[in-house]
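A.B. asks: Starting off with a structure, shown below.
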Amino acid sequence: MAEQKILPQQLLHHIASTLNLPQPAISAVISLLDEGGTVPFLARYRKEQTGNLDEVQIRAIEEQLAYARELLSRRETVLASIAEQGKLTDELKAKIEATLDRSELEDLYLPYKPKRRTKATIAREKGLEPLAEYLWQQQPGPQGAVELAQSLVCEERGVATIEEALEGARHIVAERISEDANLRKAVRQLMYDEGVVVSRKAMDAKDEQEKFKMYYEYREAVKTIPSHRMLAIRRGESENVLYFLIELAAERALQVLAPMLHQRPGDWTAQLQQALEDSWQRLLSSSIQAEIRMELKKRADEDAIAVFRENLHHLLLAAPAGQINVLGIDPGLRTGCKLAVVDETGKFLAHDVIYPHTGRTEAAQHTLLQLIQSHGVRAIAIGNGTASRETDAFVRELLRESGRKDVFQVVVSESGASVYSASDVARQEFPELDLTVRGAISIARRLQDPLAELVKVDPKAIGVGQYQHDVDQRQLMHSLEATIESCVNRVGVDLNTASWTLLRYVAGITERTALNIVSYRDTHGSFRSRKDLKHVTGVGAKTFEQAAGFLRIRGGDEPLDRTAVHPESYPVVEQIAATLRLPVGELIRQPELLQQLDRSQIQAGSFTLEDILEELRKPGRDPRDSFVAPSFADGVTEINDVRPEMVLEGVVTNVTKFGAFVDIGVHQDGLVHISELSNRYVKDPAEVVKTGQIVKVKVLSADARTKRIALSMKALMGASPRPAKGRDSVQVRVQSLEDKLASLNSRWSTR
């Protein structure tokens, strides 16, 4: 592991102040991270050292730490560069070492950066630096500005007149103004506070669907423009439909800068003012505008990524229908419905194709019933693509007529299934199966355990983002990977059934190690205890420490291996069992006996002990909630069936900054604008709804031509979700699932 830079107290204090967290806890987190600790591990198993910081706080420290170390590295580079030029004064060094902001650091370095040949450079070559220095210092001398300019007139150097000398000096001063850290900071803040984003339609632009119509002549304050509008304008610019700029009146900028520049009146005053106006017009305005544009992009990216991360979090933590045999259907009309059956562990059993929508209904019924009977199918998962509602109606009628009350059907999102079916992961799993069969398998598994299946898909293909292709892709991927890691470790992973694609997200486990674990399992059979993991190539003491608590072994040699209790805490559990005079296994079977425990007799930190007791009360508990299936309205299968004033049930498929998209079962998501989410004012849609939530909506309008559906949740909030049900209102008992797997299939311009 590369040696990490130790943060000075100045930066530690700054991080503590920024995050409003105690500095000792931050120092402890940094030390643990530098030792190879992972965020999930520190949040779950190092609470005594971190002061019980949660995962969000620890990730924030990790981000601030990365920024601080980048700043330190850049600071060293800047100091070395200026020193090499022989221009590093004690005062400048102190300023550089005191700055905690990357932009301010770059402002301080700007005058010393290597430059291309500018007007100021040419003026210096002509020997006009002394005159520029006189104007800049604003101190009376033996010669005034005109006399000094006269002394510098030299036709050989290209200075023919006094005015040419003054003009050249002003160019030098203009550049100094544009490079002065204090002046740049003032202009940057002014443009942020008072600037206006102005977008206009580009000349000869083509916008046939008028996606960007509202931005043809648009103005909004830099300070308040929301991320989705900024991203829409930027997309319009990238598609050559719009162009935009940041407006700030020159008079206002000069009004702020002039008092900062002019120290005292003299014959330099008029020259300085001309230089200031030239600097603003030629250098400062465009330079600071570019910075503000980048700041707006960064702000919009962060907001959009936060929305994506939140949606993905809820989607991944949609609880599984459990370990039941599932038949997945990838629906189709002319090409038929592809069927695939998986057992309770997700193992592929059988596949077929039926054509219920092309006149071969009887044969389709026979095939489907035969698969249900032969493989003990308990649930049928239907992809929500083309013909999903027709297929859902066909399955529902078949189950009713056949009296199969023990089987229920659910429409699930198939977004990303096609990406998975064509991926290397799918080819490795099912090299001999067709893409369409792989897709049906994925649909079935998504009902069983969405987390285990969705980790195989590029999260950007799942479709719960907002302008996801326009944001910083490196930052987006880093954030989404962290979200997946968080969800996987929160739920825990079965060491004997998990795929390598799931194992790679367990704390401390790399992709190579995950592949080694699966290979070891294939060769030696199921793991009997967590300790067996140490025999896998690539699993050393550190990897085992980080990963073990998040791995589960059911039916193994050690009862605690099926819990979230870390092996390092097994002695604590043995103390508890000994105090209660019970074997550990009996303690797990009868957790109510923990009420008799005298905690003072147990040697463990308070946070650790509380976590252990909580886990023993509900050993192996899945943190995800109960399964709830939506009920789409009968007779509403296409957008043409949707009428204003209809009240329908649907599933939230995507939450953005401007509202929420809801699947109402017509192959086109409707939009509940932020203003229609509630009767009260809503600042952020995430306050009201989340991805996968089942909601009641009222139709405001539906346009089949533009494929836009406007919905409202006003006066409908608070409707309680219904439990999952089979035919004739017989509730099906399954493990848990709060959220239906769903994705944004909308063609609205949020992609």
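Chains: A, B, ... in order of the structure tokens. Residues: from 1 per chain. Ligands: from 1, in order shown.
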Would you pick out the contacts of Pro559 in chain A at 12 Å or less, using only C-alpha atoms, so that residues sharing its chain but fewer than 2 positions from it are not included, and give the list as a ChimeraX atom specification?

C.D. replies: /A:528-530,552-557,561-565,567,570,573-574,583-589,616,619-620

A.B. asks: For C-alpha atoms, I'd like the residues from the last selection saved as a PDB file, in the first residue's frame.

C.D. replies:
```
ATOM      1  CA  ARG A 528     -18.840 -25.201   6.221  1.00  0.00           C
ATOM      2  CA  SER A 529     -17.604 -22.191   8.201  1.00  0.00           C
ATOM      3  CA  ARG A 530     -16.349 -18.672   7.684  1.00  0.00           C
ATOM      4  CA  ARG A 552     -23.438 -15.764   5.727  1.00  0.00           C
ATOM      5  CA  ILE A 553     -23.292 -19.560   5.954  1.00  0.00           C
ATOM      6  CA  ARG A 554     -26.600 -21.295   6.619  1.00  0.00           C
ATOM      7  CA  GLY A 555     -26.572 -24.837   8.008  1.00  0.00           C
ATOM      8  CA  GLY A 556     -22.827 -24.771   8.640  1.00  0.00           C
ATOM      9  CA  ASP A 557     -20.704 -25.919  11.565  1.00  0.00           C
ATOM     10  CA  ASP A 561     -21.887 -17.856  10.818  1.00  0.00           C
ATOM     11  CA  ARG A 562     -25.458 -17.238   9.681  1.00  0.00           C
ATOM     12  CA  THR A 563     -25.585 -13.948  11.603  1.00  0.00           C
ATOM     13  CA  ALA A 564     -23.974 -10.544  11.164  1.00  0.00           C
ATOM     14  CA  VAL A 565     -21.863 -11.088  14.278  1.00  0.00           C
ATOM     15  CA  PRO A 567     -15.944 -13.732  14.042  1.00  0.00           C
ATOM     16  CA  TYR A 570     -17.602 -14.726  18.834  1.00  0.00           C
ATOM     17  CA  VAL A 573     -21.231 -14.187  22.359  1.00  0.00           C
ATOM     18  CA  GLU A 574     -19.651 -17.109  24.217  1.00  0.00           C
ATOM     19  CA  PRO A 583     -24.939 -23.233  24.537  1.00  0.00           C
ATOM     20  CA  VAL A 584     -24.528 -20.625  21.764  1.00  0.00           C
ATOM     21  CA  GLY A 585     -26.851 -22.570  19.479  1.00  0.00           C
ATOM     22  CA  GLU A 586     -29.612 -22.527  22.084  1.00  0.00           C
ATOM     23  CA  LEU A 587     -29.149 -18.796  22.566  1.00  0.00           C
ATOM     24  CA  ILE A 588     -29.776 -18.263  18.853  1.00  0.00           C
ATOM     25  CA  ARG A 589     -32.848 -20.480  18.946  1.00  0.00           C
ATOM     26  CA  LEU A 616     -28.939 -12.275  18.372  1.00  0.00           C
ATOM     27  CA  PRO A 619     -30.327 -13.740  13.823  1.00  0.00           C
ATOM     28  CA  GLY A 620     -29.830 -13.651  10.071  1.00  0.00           C
TER      29      GLY A 620
END
```

A.B. asks: Using only C-alpha atoms, which protein or nucleic acid residues come within 9 Å of range 39-50 of chain A? Drop anything in the same chain fewer than 3 positions from it, and give the result as JSON, numbers by chain.

C.D. replies: {"A": [24, 25, 26, 27, 28, 29, 32, 33, 53, 54, 55, 56, 57, 58, 59, 62, 485, 486, 489, 490, 506, 507, 508, 545, 546, 547, 549, 550, 566, 605, 606, 607, 608, 611]}

A.B. asks: Generate the output file for the selected residues, C-alpha atoms, as a PDB file, in the first residue's frame.

C.D. replies:
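Written out: again-v6.pdb:
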```
ATOM      1  CA  PRO A  24     -10.806  12.688  17.116  1.00  0.00           C
ATOM      2  CA  ALA A  25     -13.384  10.569  15.278  1.00  0.00           C
ATOM      3  CA  ILE A  26     -12.183  11.943  11.933  1.00  0.00           C
ATOM      4  CA  SER A  27      -8.560  11.167  12.823  1.00  0.00           C
ATOM      5  CA  ALA A  28      -9.571   7.626  13.800  1.00  0.00           C
ATOM      6  CA  VAL A  29     -11.458   7.096  10.528  1.00  0.00           C
ATOM      7  CA  LEU A  32      -8.418   3.062   9.813  1.00  0.00           C
ATOM      8  CA  LEU A  33      -8.900   3.866   6.120  1.00  0.00           C
ATOM      9  CA  LEU A  53     -20.271   7.386  12.863  1.00  0.00           C
ATOM     10  CA  ASP A  54     -22.593   6.000  10.207  1.00  0.00           C
ATOM     11  CA  GLU A  55     -21.681   5.016   6.662  1.00  0.00           C
ATOM     12  CA  VAL A  56     -22.743   8.333   5.143  1.00  0.00           C
ATOM     13  CA  GLN A  57     -20.517  10.261   7.547  1.00  0.00           C
ATOM     14  CA  ILE A  58     -17.552   7.960   6.962  1.00  0.00           C
ATOM     15  CA  ARG A  59     -17.917   8.257   3.181  1.00  0.00           C
ATOM     16  CA  GLU A  62     -13.276   9.667   2.815  1.00  0.00           C
ATOM     17  CA  GLU A 485     -21.300  -1.779  -2.068  1.00  0.00           C
ATOM     18  CA  SER A 486     -23.347  -0.189   0.710  1.00  0.00           C
ATOM     19  CA  ASN A 489     -23.016  -5.236   2.748  1.00  0.00           C
ATOM     20  CA  ARG A 490     -26.115  -3.984   4.512  1.00  0.00           C
ATOM     21  CA  VAL A 506     -18.486  -7.460  -0.259  1.00  0.00           C
ATOM     22  CA  ALA A 507     -16.162  -5.276   1.806  1.00  0.00           C
ATOM     23  CA  GLY A 508     -12.514  -6.178   1.191  1.00  0.00           C
ATOM     24  CA  GLU A 545     -11.280  -9.178   8.702  1.00  0.00           C
ATOM     25  CA  GLN A 546     -13.089  -6.819   6.310  1.00  0.00           C
ATOM     26  CA  ALA A 547     -15.346  -9.403   4.632  1.00  0.00           C
ATOM     27  CA  GLY A 549     -18.998 -10.256   8.998  1.00  0.00           C
ATOM     28  CA  PHE A 550     -20.910  -9.625   5.767  1.00  0.00           C
ATOM     29  CA  HIS A 566     -18.215 -10.753  13.253  1.00  0.00           C
ATOM     30  CA  GLY A 605     -17.696  -1.860  24.030  1.00  0.00           C
ATOM     31  CA  SER A 606     -21.213  -0.520  24.424  1.00  0.00           C
ATOM     32  CA  PHE A 607     -21.790  -0.043  20.658  1.00  0.00           C
ATOM     33  CA  THR A 608     -20.395  -3.470  19.830  1.00  0.00           C
ATOM     34  CA  ASP A 611     -25.083  -4.581  17.852  1.00  0.00           C
TER      35      ASP A 611
END
```

A.B. asks: Using CA of Val78 in chain A and CA of Leu12 in chain A as the two end points, give the distance in Å to one decimal.

C.D. replies: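 These atoms are spaced 21.3 Å apart.
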
A.B. asks: Write out as a PyMOL selection string the residues lying within 12 Å of Glu251 in chain A, counting only C-alpha atoms and excluding same-chain residues fewer than 3 positions away.

C.D. replies: chain A and resi 247-248+254-258+276-277+280-281

A.B. asks: If we count only C-alpha atoms, what is near range 635-649 of chain A at a cut-off of 6 Å, once residues fewer than 2 positions away on the same chain are taken out, given as an mmCIF file with C-alpha atoms, in the first residue's frame?

C.D. replies:
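Below is the file part-v7.cif, written as the result:
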```cif
data_model
loop_
_atom_site.group_PDB
_atom_site.id
_atom_site.type_symbol
_atom_site.label_atom_id
_atom_site.label_comp_id
_atom_site.auth_asym_id
_atom_site.auth_seq_id
_atom_site.Cartn_x
_atom_site.Cartn_y
_atom_site.Cartn_z
ATOM 1 C CA ARG A 389 -50.255 -6.272 -19.845
ATOM 2 C CA PHE A 632 -52.903 -2.240 -12.439
ATOM 3 C CA ALA A 633 -56.409 -1.320 -13.512
ATOM 4 C CA VAL A 666 -49.499 1.150 -20.106
ATOM 5 C CA VAL A 695 -48.924 5.036 -5.079
ATOM 6 C CA LYS A 696 -52.386 6.171 -6.128
ATOM 7 C CA VAL A 697 -52.422 8.757 -8.918
ATOM 8 C CA LYS A 698 -55.055 10.768 -10.734
ATOM 9 C CA VAL A 699 -54.699 11.306 -14.476
ATOM 10 C CA LEU A 700 -54.525 14.966 -15.492
ATOM 11 C CA SER A 701 -53.897 14.395 -19.192
ATOM 12 C CA ALA A 704 -50.783 9.342 -27.256
#
```

A.B. asks: Leaving out range 438-447 of chain A and any residue of its chain fewer than 6 positions from it, which residues lie within 8 Å of it when counting only C-alpha atoms, given as a PyMOL selection string?

C.D. replies: chain A and resi 320-321+326-330+338-342+346+348+380-383+412-414+417-418+420-421+426+430+453-454+741

A.B. asks: Could you tell me, as a list of chain:residue names, which residues of range 122-252 of chain A DSSP assigns to strand (DSSP E) when given the backbone?

C.D. replies: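 Matching residues, listed in order: A:Val196, A:Val197, A:Val198, A:Ser199, A:Arg200, A:Lys201, A:Glu217, A:Tyr218, A:Arg219, A:Glu220, A:Ala221, A:Leu242, A:Tyr243, A:Phe244, A:Leu245, A:Ile246, A:Glu247.
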
A.B. asks: Convert the current residue selection to file output with N, CA and C atoms, as an mmCIF file, in the first residue's frame.

C.D. replies:
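Result file is out-v7.cif:
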```
data_model
loop_
_atom_site.group_PDB
_atom_site.id
_atom_site.type_symbol
_atom_site.label_atom_id
_atom_site.label_comp_id
_atom_site.auth_asym_id
_atom_site.auth_seq_id
_atom_site.Cartn_x
_atom_site.Cartn_y
_atom_site.Cartn_z
ATOM 1 N N VAL A 196 -26.571 35.748 -14.287
ATOM 2 C CA VAL A 196 -27.793 35.149 -14.826
ATOM 3 C C VAL A 196 -27.422 34.186 -15.952
ATOM 4 N N VAL A 197 -27.963 32.970 -15.868
ATOM 5 C CA VAL A 197 -27.804 32.010 -16.967
ATOM 6 C C VAL A 197 -28.783 32.405 -18.064
ATOM 7 N N VAL A 198 -28.268 32.651 -19.254
ATOM 8 C CA VAL A 198 -29.108 33.051 -20.385
ATOM 9 C C VAL A 198 -28.922 32.036 -21.505
ATOM 10 N N SER A 199 -30.001 31.383 -21.905
ATOM 11 C CA SER A 199 -29.915 30.428 -23.020
ATOM 12 C C SER A 199 -30.785 30.911 -24.167
ATOM 13 N N ARG A 200 -30.332 30.627 -25.373
ATOM 14 C CA ARG A 200 -31.075 31.011 -26.574
ATOM 15 C C ARG A 200 -30.969 29.893 -27.611
ATOM 16 N N LYS A 201 -31.912 29.896 -28.511
ATOM 17 C CA LYS A 201 -31.880 28.904 -29.580
ATOM 18 C C LYS A 201 -30.781 29.262 -30.568
ATOM 19 N N GLU A 217 -35.544 31.129 -25.246
ATOM 20 C CA GLU A 217 -35.271 32.451 -24.685
ATOM 21 C C GLU A 217 -35.480 32.324 -23.184
ATOM 22 N N TYR A 218 -34.422 31.995 -22.468
ATOM 23 C CA TYR A 218 -34.595 31.645 -21.063
ATOM 24 C C TYR A 218 -33.550 32.345 -20.208
ATOM 25 N N ARG A 219 -33.969 32.791 -19.032
ATOM 26 C CA ARG A 219 -33.076 33.451 -18.083
ATOM 27 C C ARG A 219 -33.363 32.930 -16.673
ATOM 28 N N GLU A 220 -32.323 32.627 -15.931
ATOM 29 C CA GLU A 220 -32.495 32.240 -14.535
ATOM 30 C C GLU A 220 -31.196 32.511 -13.783
ATOM 31 N N ALA A 221 -31.343 32.919 -12.530
ATOM 32 C CA ALA A 221 -30.184 33.291 -11.716
ATOM 33 C C ALA A 221 -29.235 32.121 -11.529
ATOM 34 N N LEU A 242 -29.158 24.780 -28.524
ATOM 35 C CA LEU A 242 -29.065 25.972 -27.687
ATOM 36 C C LEU A 242 -27.617 26.443 -27.571
ATOM 37 N N TYR A 243 -27.458 27.657 -27.141
ATOM 38 C CA TYR A 243 -26.188 28.121 -26.606
ATOM 39 C C TYR A 243 -26.514 28.929 -25.361
ATOM 40 N N PHE A 244 -25.592 28.956 -24.423
ATOM 41 C CA PHE A 244 -25.879 29.728 -23.217
ATOM 42 C C PHE A 244 -24.623 30.424 -22.716
ATOM 43 N N LEU A 245 -24.845 31.472 -21.944
ATOM 44 C CA LEU A 245 -23.756 32.223 -21.352
ATOM 45 C C LEU A 245 -24.178 32.710 -19.971
ATOM 46 N N ILE A 246 -23.215 33.238 -19.239
ATOM 47 C CA ILE A 246 -23.484 33.809 -17.926
ATOM 48 C C ILE A 246 -23.394 35.325 -18.059
ATOM 49 N N GLU A 247 -24.496 35.990 -17.814
ATOM 50 C CA GLU A 247 -24.538 37.443 -17.960
ATOM 51 C C GLU A 247 -24.276 38.127 -16.627
#
```

A.B. asks: Find the residues around Thr510 in chain A up to 10 Å (only C-alpha atoms counted), leave out those fewer than 6 positions away in its own chain, and share them as JSON, numbers by chain.

C.D. replies: {"A": [500, 503, 504, 516, 538, 539, 543]}

A.B. asks: Give the answer as one residue: which of A:Glu558, A:Asp180, A:Glu302, A:Glu401 has the shortest atom-to-atom distance to Asp472 in chain A, using only C-alpha atoms?

C.D. replies: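 Result for the nearest residue to Asp472 in chain A: A:Glu302.
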
A.B. asks: Can you list every residue in range 266-398 of chain A that DSSP puts in helix (DSSP H, G or I), as a ChimeraX atom specification?

C.D. replies: /A:269-316,361-375,388-398
